[in-house]
file my_file16.pdb (PDB, C-alpha atoms)
ATOM      1  CA  MET A 215      78.832 112.661  69.985
ATOM      2  CA  VAL A 216      75.826 111.412  71.966
ATOM      3  CA  ARG A 217      74.274 113.619  74.669
ATOM      4  CA  VAL A 218      71.996 112.279  77.405
ATOM      5  CA  SER A 219      70.403 114.289  80.245
ATOM      6  CA  HIS A 220      68.381 113.181  83.253
ATOM      7  CA  THR A 221      67.123 114.980  86.369
ATOM      8  CA  VAL A 222      66.854 113.463  89.834
ATOM      9  CA  ALA A 223      65.581 114.831  93.137
ATOM     10  CA  LEU A 224      68.100 114.605  95.964
ATOM     11  CA  ALA A 225      67.819 115.255  99.672
ATOM     12  CA  PRO A 226      69.845 118.412 100.349
ATOM     13  CA  VAL A 227      73.056 118.678 102.333
ATOM     14  CA  PRO A 228      73.049 122.034 104.145
ATOM     15  CA  ARG A 229      76.391 123.751 103.747
ATOM     16  CA  PRO A 230      76.673 124.643 107.473
ATOM     17  CA  TRP A 231      76.195 120.954 108.279
ATOM     18  CA  LEU A 232      78.952 120.004 105.829
ATOM     19  CA  VAL A 233      81.337 122.532 107.386
ATOM     20  CA  ASP A 234      80.641 121.106 110.850
ATOM     21  CA  ALA A 235      80.942 117.508 109.608
ATOM     22  CA  LEU A 236      84.297 118.137 107.954
ATOM     23  CA  GLY A 237      85.490 119.854 111.106
ATOM     24  CA  THR A 238      84.439 116.823 113.142
ATOM     25  CA  LEU A 239      86.253 114.455 110.771
ATOM     26  CA  THR A 240      89.479 116.450 110.741
ATOM     27  CA  ASP A 241      89.349 116.945 114.526
ATOM     28  CA  LEU A 242      88.984 113.191 114.963
ATOM     29  CA  ALA A 243      91.802 112.425 112.521
ATOM     30  CA  GLU A 244      94.114 114.880 114.268
ATOM     31  CA  SER A 245      93.295 113.356 117.658
ATOM     32  CA  THR A 246      94.657 109.945 116.601
ATOM     33  CA  THR A 247      98.218 108.780 117.174
ATOM     34  CA  ALA A 248     100.475 106.298 115.399
ATOM     35  CA  GLU A 249     102.216 103.920 117.804
ATOM     36  CA  ASP A 250     103.822 100.489 117.405
ATOM     37  CA  GLY A 251     102.382  99.893 113.948
ATOM     38  CA  ARG A 252      98.862 100.900 114.974
ATOM     39  CA  ILE A 253      96.579 103.922 114.626
ATOM     40  CA  LEU A 254      95.011 104.697 118.005
ATOM     41  CA  LEU A 255      91.961 106.751 118.961
ATOM     42  CA  PRO A 256      92.193 109.113 121.950
ATOM     43  CA  ASP A 257      90.682 106.440 124.223
ATOM     44  CA  GLY A 258      93.399 103.956 123.199
ATOM     45  CA  ARG A 259      91.303 101.836 120.880
ATOM     46  CA  GLN A 260      92.936 100.721 117.643
ATOM     47  CA  ILE A 261      91.434 101.633 114.290
ATOM     48  CA  PRO A 262      90.997  98.222 112.669
ATOM     49  CA  ASP A 263      92.538  97.203 109.340
ATOM     50  CA  VAL A 264      94.717 100.328 109.029
ATOM     51  CA  ARG A 265      98.411 100.569 109.881
ATOM     52  CA  PRO A 266     101.080 103.263 109.501
ATOM     53  CA  ALA A 267     103.535 102.521 106.693
ATOM     54  CA  GLY A 268     106.074 105.326 106.982
ATOM     55  CA  GLY A 269     106.542 109.013 107.735
ATOM     56  CA  ARG A 270     105.335 111.196 110.599
ATOM     57  CA  HIS A 271     101.638 110.879 111.387
ATOM     58  CA  LEU A 272      99.521 113.245 109.252
ATOM     59  CA  ARG A 273     102.593 115.022 107.892
ATOM     60  CA  PRO A 274     103.612 115.140 104.221
ATOM     61  CA  GLY A 275     105.037 111.745 103.371
ATOM     62  CA  ALA A 276     103.041 109.846 105.997
ATOM     63  CA  ALA A 277     101.713 106.604 104.523
ATOM     64  CA  TYR A 278      98.995 104.208 105.657
ATOM     65  CA  GLU A 279      98.033 100.766 104.383
ATOM     66  CA  SER A 280      94.834  98.776 104.573
ATOM     67  CA  THR A 281      94.297  95.219 103.426
ATOM     68  CA  GLU A 282      90.600  94.869 102.721
ATOM     69  CA  LYS A 283      90.786  91.288 101.467
ATOM     70  CA  ALA A 284      93.437  88.633 101.313
ATOM     71  CA  ALA A 285      94.917  90.156  98.156
ATOM     72  CA  ASP A 286      93.534  93.722  97.987
ATOM     73  CA  THR A 287      95.856  96.364  99.411
ATOM     74  CA  VAL A 288      95.205 100.117  99.568
ATOM     75  CA  ARG A 289      97.966 102.627 100.373
ATOM     76  CA  ILE A 290      97.268 106.280 101.169
ATOM     77  CA  THR A 291     100.013 108.900 101.352
ATOM     78  CA  VAL A 292      99.602 112.381 102.805
ATOM     79  CA  GLU A 293     100.886 115.057 100.428
ATOM     80  CA  GLU A 294      99.592 118.055 102.389
ATOM     81  CA  TRP A 295      97.622 118.481 105.617
ATOM     82  CA  ARG A 296      96.798 122.090 106.346
ATOM     83  CA  ARG A 297      93.221 122.743 107.371
ATOM     84  CA  THR A 298      93.287 126.389 106.349
ATOM     85  CA  ARG A 299      94.731 125.599 102.916
ATOM     86  CA  ALA A 300      94.325 122.032 101.654
ATOM     87  CA  VAL A 301      94.336 118.350 102.473
ATOM     88  CA  ARG A 302      95.913 116.386  99.626
ATOM     89  CA  LEU A 303      96.162 112.612  99.514
ATOM     90  CA  ALA A 304      97.639 110.164  97.005
ATOM     91  CA  PHE A 305      96.327 106.610  96.873
ATOM     92  CA  THR A 306      97.152 103.320  95.225
ATOM     93  CA  GLY A 307      95.281 100.056  95.196
ATOM     94  CA  SER A 308      96.227  96.624  93.945
ATOM     95  CA  GLY A 309      94.231  93.426  93.675
ATOM     96  CA  PRO A 310      93.427  90.471  91.430
ATOM     97  CA  ASP A 311      91.197  92.599  89.180
ATOM     98  CA  GLY A 312      93.705  95.372  88.518
ATOM     99  CA  ASP A 313      95.561  98.388  89.848
ATOM    100  CA  LEU A 314      94.411 101.893  90.764
ATOM    101  CA  THR A 315      96.356 105.093  91.362
ATOM    102  CA  GLY A 316      95.098 108.579  92.023
ATOM    103  CA  ARG A 317      94.992 111.789  94.009
ATOM    104  CA  ALA A 318      92.337 113.598  96.020
ATOM    105  CA  ALA A 319      92.398 117.188  97.256
ATOM    106  CA  LEU A 320      90.053 119.191  99.465
ATOM    107  CA  PHE A 321      90.850 122.886  99.403
ATOM    108  CA  ALA A 322      90.237 124.973 102.559
ATOM    109  CA  PRO A 323      88.769 122.099 104.630
ATOM    110  CA  ASP A 324      87.615 124.456 107.388
ATOM    111  CA  ARG A 325      85.606 126.389 104.789
ATOM    112  CA  PRO A 326      85.307 123.883 101.914
ATOM    113  CA  ASP A 327      85.986 125.575  98.610
ATOM    114  CA  ARG A 328      86.807 122.923  96.015
ATOM    115  CA  VAL A 329      87.271 119.173  95.683
ATOM    116  CA  GLU A 330      89.462 117.590  93.001
ATOM    117  CA  LEU A 331      89.881 113.910  92.183
ATOM    118  CA  SER A 332      91.975 112.179  89.539
ATOM    119  CA  GLY A 333      92.982 108.598  88.934
ATOM    120  CA  ARG A 334      93.943 105.813  86.589
ATOM    121  CA  ALA A 335      92.794 102.207  86.592
ATOM    122  CA  VAL A 336      94.417  99.290  84.783
ATOM    123  CA  LEU A 337      92.208  96.233  84.561
ATOM    124  CA  ARG A 338      93.381  92.695  84.059
ATOM    125  CA  SER A 339      91.724  90.134  81.769
ATOM    126  CA  VAL A 340      90.190  92.944  79.680
ATOM    127  CA  PRO A 341      90.984  93.706  76.014
ATOM    128  CA  SER A 342      93.662  96.373  75.667
ATOM    129  CA  PRO A 343      91.468  99.249  74.354
ATOM    130  CA  LEU A 344      89.240  98.918  77.419
ATOM    131  CA  SER A 345      91.807  97.983  80.048
ATOM    132  CA  ARG A 346      93.030 101.492  80.944
ATOM    133  CA  PHE A 347      90.835 104.255  82.295
ATOM    134  CA  ASP A 348      91.753 107.804  83.230
ATOM    135  CA  ALA A 349      89.298 109.862  85.265
ATOM    136  CA  ASP A 350      89.152 113.269  86.866
ATOM    137  CA  ALA A 351      86.455 115.262  88.631
ATOM    138  CA  GLU A 352      86.051 118.693  90.196
ATOM    139  CA  LEU A 353      83.387 120.113  92.496
ATOM    140  CA  SER A 354      83.105 123.852  93.133
ATOM    141  CA  CYS A 355      81.453 124.025  96.537
ATOM    142  CA  ALA A 356      80.510 127.711  96.393
ATOM    143  CA  ASP A 357      78.887 127.372  92.955
ATOM    144  CA  TRP A 358      77.068 124.192  93.966
ATOM    145  CA  TRP A 359      75.320 125.726  96.976
ATOM    146  CA  LYS A 360      74.731 128.998  95.160
ATOM    147  CA  ALA A 361      72.795 127.138  92.471
ATOM    148  CA  ALA A 362      71.258 124.447  94.709
ATOM    149  CA  ASP A 363      69.953 126.604  97.544
ATOM    150  CA  ARG A 364      69.347 129.987  95.934
ATOM    151  CA  GLY A 365      68.832 129.136  92.289
ATOM    152  CA  GLY A 366      71.695 131.418  91.314
ATOM    153  CA  SER A 367      73.288 131.211  87.898
ATOM    154  CA  VAL A 368      76.782 129.816  87.517
ATOM    155  CA  ARG A 369      79.185 130.142  84.599
ATOM    156  CA  ARG A 370      79.819 126.421  84.334
ATOM    157  CA  PRO A 371      78.483 123.250  85.969
ATOM    158  CA  PRO A 372      79.618 123.058  89.608
ATOM    159  CA  LEU A 373      80.351 119.340  89.272
ATOM    160  CA  ARG A 374      82.280 118.089  86.261
ATOM    161  CA  ALA A 375      83.908 114.745  85.556
ATOM    162  CA  ARG A 376      85.628 113.026  82.653
ATOM    163  CA  LEU A 377      86.329 109.356  82.005
ATOM    164  CA  THR A 378      88.604 108.295  79.150
ATOM    165  CA  CYS A 379      89.542 104.868  77.838
ATOM    166  CA  GLY A 380      91.278 103.817  74.647
ATOM    167  CA  VAL A 381      88.260 104.112  72.332
ATOM    168  CA  ALA A 382      85.813 106.486  74.035
ATOM    169  CA  ARG A 383      85.414 109.461  76.336
ATOM    170  CA  ALA A 384      82.557 110.349  78.671
ATOM    171  CA  GLU A 385      82.079 113.862  80.029
ATOM    172  CA  VAL A 386      79.651 114.352  82.905
ATOM    173  CA  ALA A 387      78.256 117.632  84.244
ATOM    174  CA  ALA A 388      75.798 118.147  87.107
ATOM    175  CA  VAL A 389      73.853 121.338  87.788
ATOM    176  CA  PRO A 390      71.542 121.629  90.829
ATOM    177  CA  ARG A 391      68.626 123.934  91.444
ATOM    178  CA  PRO A 392      66.102 124.284  94.277
ATOM    179  CA  GLY A 393      63.509 121.523  94.080
ATOM    180  CA  ARG A 394      59.777 122.058  94.068
ATOM    181  CA  ASP A 395      58.974 119.813  97.024
ATOM    182  CA  HIS A 396      60.238 119.695 100.613
ATOM    183  CA  GLY A 397      63.423 121.620  99.937
ATOM    184  CA  ASP A 398      64.982 118.910  97.768
ATOM    185  CA  TRP A 399      67.581 119.598  95.125
ATOM    186  CA  ASP A 400      66.713 118.939  91.484
ATOM    187  CA  VAL A 401      70.013 117.874  89.917
ATOM    188  CA  THR A 402      70.314 117.640  86.141
ATOM    189  CA  VAL A 403      73.095 115.343  85.011
ATOM    190  CA  THR A 404      74.305 115.552  81.422
ATOM    191  CA  VAL A 405      76.500 112.848  79.922
ATOM    192  CA  ARG A 406      78.328 113.340  76.638
ATOM    193  CA  LEU A 407      79.840 110.285  74.965
ATOM    194  CA  ARG A 408      82.182 110.313  71.996
ATOM    195  CA  GLY A 409      84.632 108.042  70.249
ATOM    196  CA  ARG A 410      88.359 108.669  70.188
ATOM    197  CA  GLY A 411      91.487 107.345  68.547
ATOM    198  CA  PRO A 412      91.675 105.403  65.270
ATOM    199  CA  LEU A 413      88.308 103.724  65.947
ATOM    200  CA  ARG A 414      86.506 107.004  66.554
ATOM    201  CA  PRO A 415      84.176 106.775  63.497
ATOM    202  CA  LEU A 416      83.086 103.236  64.371
ATOM    203  CA  VAL A 417      82.600 104.029  68.058
ATOM    204  CA  SER A 418      80.663 107.193  67.245
ATOM    205  CA  LEU A 419      78.378 105.239  64.930
ATOM    206  CA  ALA A 420      77.822 102.589  67.583
ATOM    207  CA  LEU A 421      76.975 105.249  70.159
ATOM    208  CA  HIS A 422      74.399 106.842  67.855
ATOM    209  CA  LEU A 423      72.803 103.475  67.083
ATOM    210  CA  THR A 424      72.527 102.635  70.776
ATOM    211  CA  ARG A 425      71.524 106.085  72.020
ATOM    212  CA  ARG A 426      68.098 105.061  73.352
ATOM    213  CA  PRO A 427      69.250 102.064  75.395
ATOM    214  CA  LEU A 428      72.182 104.151  76.640
ATOM    215  CA  ALA A 429      69.764 106.865  77.767
ATOM    216  CA  ARG A 430      67.690 104.266  79.612
ATOM    217  CA  GLU A 431      70.748 102.836  81.342
ATOM    218  CA  VAL A 432      71.992 106.289  82.368
ATOM    219  CA  ALA A 433      68.561 107.188  83.757
ATOM    220  CA  LYS A 434      68.326 103.901  85.646
ATOM    221  CA  ALA A 435      71.800 104.316  87.153
ATOM    222  CA  LEU A 436      71.029 107.878  88.261
ATOM    223  CA  ASP A 437      67.631 106.900  89.693
ATOM    224  CA  ASP A 438      69.229 104.040  91.644
ATOM    225  CA  THR A 439      71.925 106.394  92.970
ATOM    226  CA  ALA A 440      69.302 108.964  93.970
ATOM    227  CA  ARG A 441      67.292 106.286  95.780
ATOM    228  CA  ASP A 442      70.318 105.263  97.829
ATOM    229  CA  TRP A 443      71.268 108.898  98.502
ATOM    230  CA  ASN A 444      67.748 109.770  99.703
ATOM    231  CA  ALA A 445      67.667 106.731 101.975
ATOM    232  CA  GLN A 446      70.959 107.536 103.705
ATOM    233  CA  VAL A 447      71.766 111.262 103.548
ATOM    234  CA  PRO A 448      68.833 112.570 105.647
ATOM    235  CA  GLN A 449      69.904 110.251 108.469
ATOM    236  CA  LEU A 450      73.388 111.785 108.402
ATOM    237  CA  THR A 451      72.339 115.433 108.100
ATOM    238  CA  ALA A 452      70.040 114.969 111.104
ATOM    239  CA  LEU A 453      73.129 114.409 113.282
ATOM    240  CA  GLY A 454      74.769 117.297 115.075
ATOM    241  CA  PRO A 455      78.576 117.491 115.472
ATOM    242  CA  GLU A 456      78.585 115.638 118.822
ATOM    243  CA  GLU A 457      76.250 112.922 117.541
ATOM    244  CA  LEU A 458      78.347 112.515 114.402
ATOM    245  CA  HIS A 459      81.505 112.282 116.511
ATOM    246  CA  ARG A 460      79.951 109.525 118.630
ATOM    247  CA  LYS A 461      78.783 107.692 115.531
ATOM    248  CA  LEU A 462      82.268 107.751 114.018
ATOM    249  CA  LEU A 463      83.766 106.455 117.255
ATOM    250  CA  THR A 464      81.274 103.651 117.836
ATOM    251  CA  GLU A 465      80.705 102.253 114.345
ATOM    252  CA  PRO A 466      83.359 100.020 112.769
TER     253      PRO A 466
END
call {"tool": "encode", "arguments": {"input": "my_file16.pdb", "output": "structure tokens"}}
result
Amino acid sequence: MVRVSHTVALAPVPRPWLVDALGTLTDLAESTTAEDGRILLPDGRQIPDVRPAGGRHLRPGAAYESTEKAADTVRITVEEWRRTRAVRLAFTGSGPDGDLTGRAALFAPDRPDRVELSGRAVLRSVPSPLSRFDADAELSCADWWKAADRGGSVRRPPLRARLTCGVARAEVAAVPRPGRDHGDWDVTVTVRLRGRGPLRPLVSLALHLTRRPLAREVAKALDDTARDWNAQVPQLTALGPEELHRKLLTEP
């Protein structure tokens, strides 16, 4: 197994702001209607590139399709829509590069408690051991803000993810703490890589031999992600609920 850790400073997302933002999003979604093969906003405007594909709007079984490109189609199906309990969605995607299936769940949207994601990707024109990926992730909201804002201890990392392919597995954990400057979060991300299957010894050896360049690539990817986050998130968290609502309505 190879273990790599790197810490980045991220602009914080205040939990009260997140609660308000999720409320704004769900209010807006619930204000839409499905009519004549279109999804309409309260003012009658059509949401572009999205169409109803079956079921009652925002009820279990309701399906929606979006064609992002000439050959890329995404389908989202509502499995549960109860703001006090959970919003669960299933999704599929198909295009020239491969197929994707998965599920997403937000528990207690009005008071966000936990987020779960899972999925599988099948890539075309890729050797078989690397053509199938399974991934899952879980975020404990209460533990994240407890550690990020107050420096409290948590039993396990608030954000955990796992990516598995035929020959290797990556496990990712992120733990935040209050930053030293300007109220930022210092987030330490730990990546564990290991071989699996019949080729496990060879893959493990290769991982150990390439540990330093892997560490550099992980650090670069996290630094790039942090740079993008810090450029965009403060602009969003500066918006109040009404401003966010207007932004969602006016931007494509």
call {"tool": "closest_atom_pairs", "arguments": {"input": "my_file16.pdb", "of": "range 289-381 of chain A", "to": "range 241-257 of chain A", "cutoff": "12 Å", "atoms": "all atoms listed in the file", "output": "tab-separated table"}}
result
residue	atom	partner	partner_atom	distance
A:Trp295	CA	A:Glu244	CA	10.0
A:Arg296	CA	A:Glu244	CA	11.0
A:Arg297	CA	A:Asp241	CA	10.0
A:Val301	CA	A:Ala243	CA	11.9
A:Pro323	CA	A:Asp241	CA	11.2
A:Asp324	CA	A:Asp241	CA	10.5
call {"tool": "atom_distance", "arguments": {"input": "my_file16.pdb", "atom1": "CA of Arg265 in chain A", "atom2": "CA of Ser280 in chain A"}}
result
6.6 Å
call {"tool": "closest_residue", "arguments": {"input": "my_file16.pdb", "among": "A:Leu450, A:Leu314, A:Ala375, A:Val329", "to": "Cys355 in chain A", "atoms": "all atoms listed in the file"}}
result
A:Val329
call {"tool": "atom_distance", "arguments": {"input": "my_file16.pdb", "atom1": "CA of Glu279 in chain A", "atom2": "CA of Gly309 in chain A"}}
result
13.5 Å
call {"tool": "residues_around", "arguments": {"input": "my_file16.pdb", "residues": "Val233 in chain A", "least_positions_apart": "5", "cutoff": "10 Å", "atoms": "all atoms listed in the file", "output": "MDAnalysis selection string"}}
result
chainID A and resid 228 238 323:326 455
call {"tool": "atom_distance", "arguments": {"input": "my_file16.pdb", "atom1": "CA of Ala435 in chain A", "atom2": "CA of Arg383 in chain A"}}
result
18.1 Å
call {"tool": "decode", "arguments": {"input": "my_file16.pdb", "residues": "range 433-450 of chain A", "atoms": "N, CA and C atoms", "output": "PDB file, in the first residue's frame"}}
result
ATOM      1  N   ALA A 433      -0.602  16.082  -5.097  1.00  0.00           N
ATOM      2  CA  ALA A 433      -0.496  17.438  -4.561  1.00  0.00           C
ATOM      3  C   ALA A 433      -0.886  18.471  -5.615  1.00  0.00           C
ATOM      4  N   LYS A 434      -0.441  18.271  -6.837  1.00  0.00           N
ATOM      5  CA  LYS A 434      -0.780  19.217  -7.905  1.00  0.00           C
ATOM      6  C   LYS A 434      -2.289  19.240  -8.161  1.00  0.00           C
ATOM      7  N   ALA A 435      -2.902  18.050  -8.215  1.00  0.00           N
ATOM      8  CA  ALA A 435      -4.343  17.985  -8.457  1.00  0.00           C
ATOM      9  C   ALA A 435      -5.119  18.677  -7.333  1.00  0.00           C
ATOM     10  N   LEU A 436      -4.697  18.456  -6.087  1.00  0.00           N
ATOM     11  CA  LEU A 436      -5.394  19.080  -4.963  1.00  0.00           C
ATOM     12  C   LEU A 436      -5.165  20.594  -4.949  1.00  0.00           C
ATOM     13  N   ASP A 437      -3.960  21.036  -5.258  1.00  0.00           N
ATOM     14  CA  ASP A 437      -3.693  22.477  -5.309  1.00  0.00           C
ATOM     15  C   ASP A 437      -4.508  23.144  -6.411  1.00  0.00           C
ATOM     16  N   ASP A 438      -4.626  22.494  -7.564  1.00  0.00           N
ATOM     17  CA  ASP A 438      -5.423  23.049  -8.659  1.00  0.00           C
ATOM     18  C   ASP A 438      -6.902  23.130  -8.257  1.00  0.00           C
ATOM     19  N   THR A 439      -7.392  22.070  -7.596  1.00  0.00           N
ATOM     20  CA  THR A 439      -8.785  22.072  -7.139  1.00  0.00           C
ATOM     21  C   THR A 439      -9.020  23.174  -6.114  1.00  0.00           C
ATOM     22  N   ALA A 440      -8.083  23.344  -5.190  1.00  0.00           N
ATOM     23  CA  ALA A 440      -8.210  24.392  -4.177  1.00  0.00           C
ATOM     24  C   ALA A 440      -8.208  25.770  -4.818  1.00  0.00           C
ATOM     25  N   ARG A 441      -7.386  25.959  -5.842  1.00  0.00           N
ATOM     26  CA  ARG A 441      -7.331  27.257  -6.523  1.00  0.00           C
ATOM     27  C   ARG A 441      -8.678  27.589  -7.162  1.00  0.00           C
ATOM     28  N   ASP A 442      -9.275  26.597  -7.819  1.00  0.00           N
ATOM     29  CA  ASP A 442     -10.585  26.823  -8.428  1.00  0.00           C
ATOM     30  C   ASP A 442     -11.648  27.077  -7.363  1.00  0.00           C
ATOM     31  N   TRP A 443     -11.632  26.277  -6.300  1.00  0.00           N
ATOM     32  CA  TRP A 443     -12.587  26.441  -5.201  1.00  0.00           C
ATOM     33  C   TRP A 443     -12.496  27.860  -4.636  1.00  0.00           C
ATOM     34  N   ASN A 444     -11.284  28.323  -4.343  1.00  0.00           N
ATOM     35  CA  ASN A 444     -11.097  29.623  -3.702  1.00  0.00           C
ATOM     36  C   ASN A 444     -11.416  30.784  -4.632  1.00  0.00           C
ATOM     37  N   ALA A 445     -11.432  30.522  -5.935  1.00  0.00           N
ATOM     38  CA  ALA A 445     -11.804  31.567  -6.885  1.00  0.00           C
ATOM     39  C   ALA A 445     -13.317  31.691  -7.029  1.00  0.00           C
ATOM     40  N   GLN A 446     -14.042  30.603  -6.765  1.00  0.00           N
ATOM     41  CA  GLN A 446     -15.480  30.596  -7.044  1.00  0.00           C
ATOM     42  C   GLN A 446     -16.359  30.601  -5.792  1.00  0.00           C
ATOM     43  N   VAL A 447     -15.966  29.857  -4.768  1.00  0.00           N
ATOM     44  CA  VAL A 447     -16.853  29.688  -3.601  1.00  0.00           C
ATOM     45  C   VAL A 447     -17.138  30.999  -2.875  1.00  0.00           C
ATOM     46  N   PRO A 448     -16.147  31.870  -2.623  1.00  0.00           N
ATOM     47  CA  PRO A 448     -16.479  33.115  -1.917  1.00  0.00           C
ATOM     48  C   PRO A 448     -17.517  33.965  -2.643  1.00  0.00           C
ATOM     49  N   GLN A 449     -17.530  33.905  -3.975  1.00  0.00           N
ATOM     50  CA  GLN A 449     -18.542  34.647  -4.724  1.00  0.00           C
ATOM     51  C   GLN A 449     -19.936  34.095  -4.451  1.00  0.00           C
ATOM     52  N   LEU A 450     -20.042  32.772  -4.298  1.00  0.00           N
ATOM     53  CA  LEU A 450     -21.343  32.167  -4.015  1.00  0.00           C
ATOM     54  C   LEU A 450     -21.792  32.432  -2.579  1.00  0.00           C
TER      55      LEU A 450
END
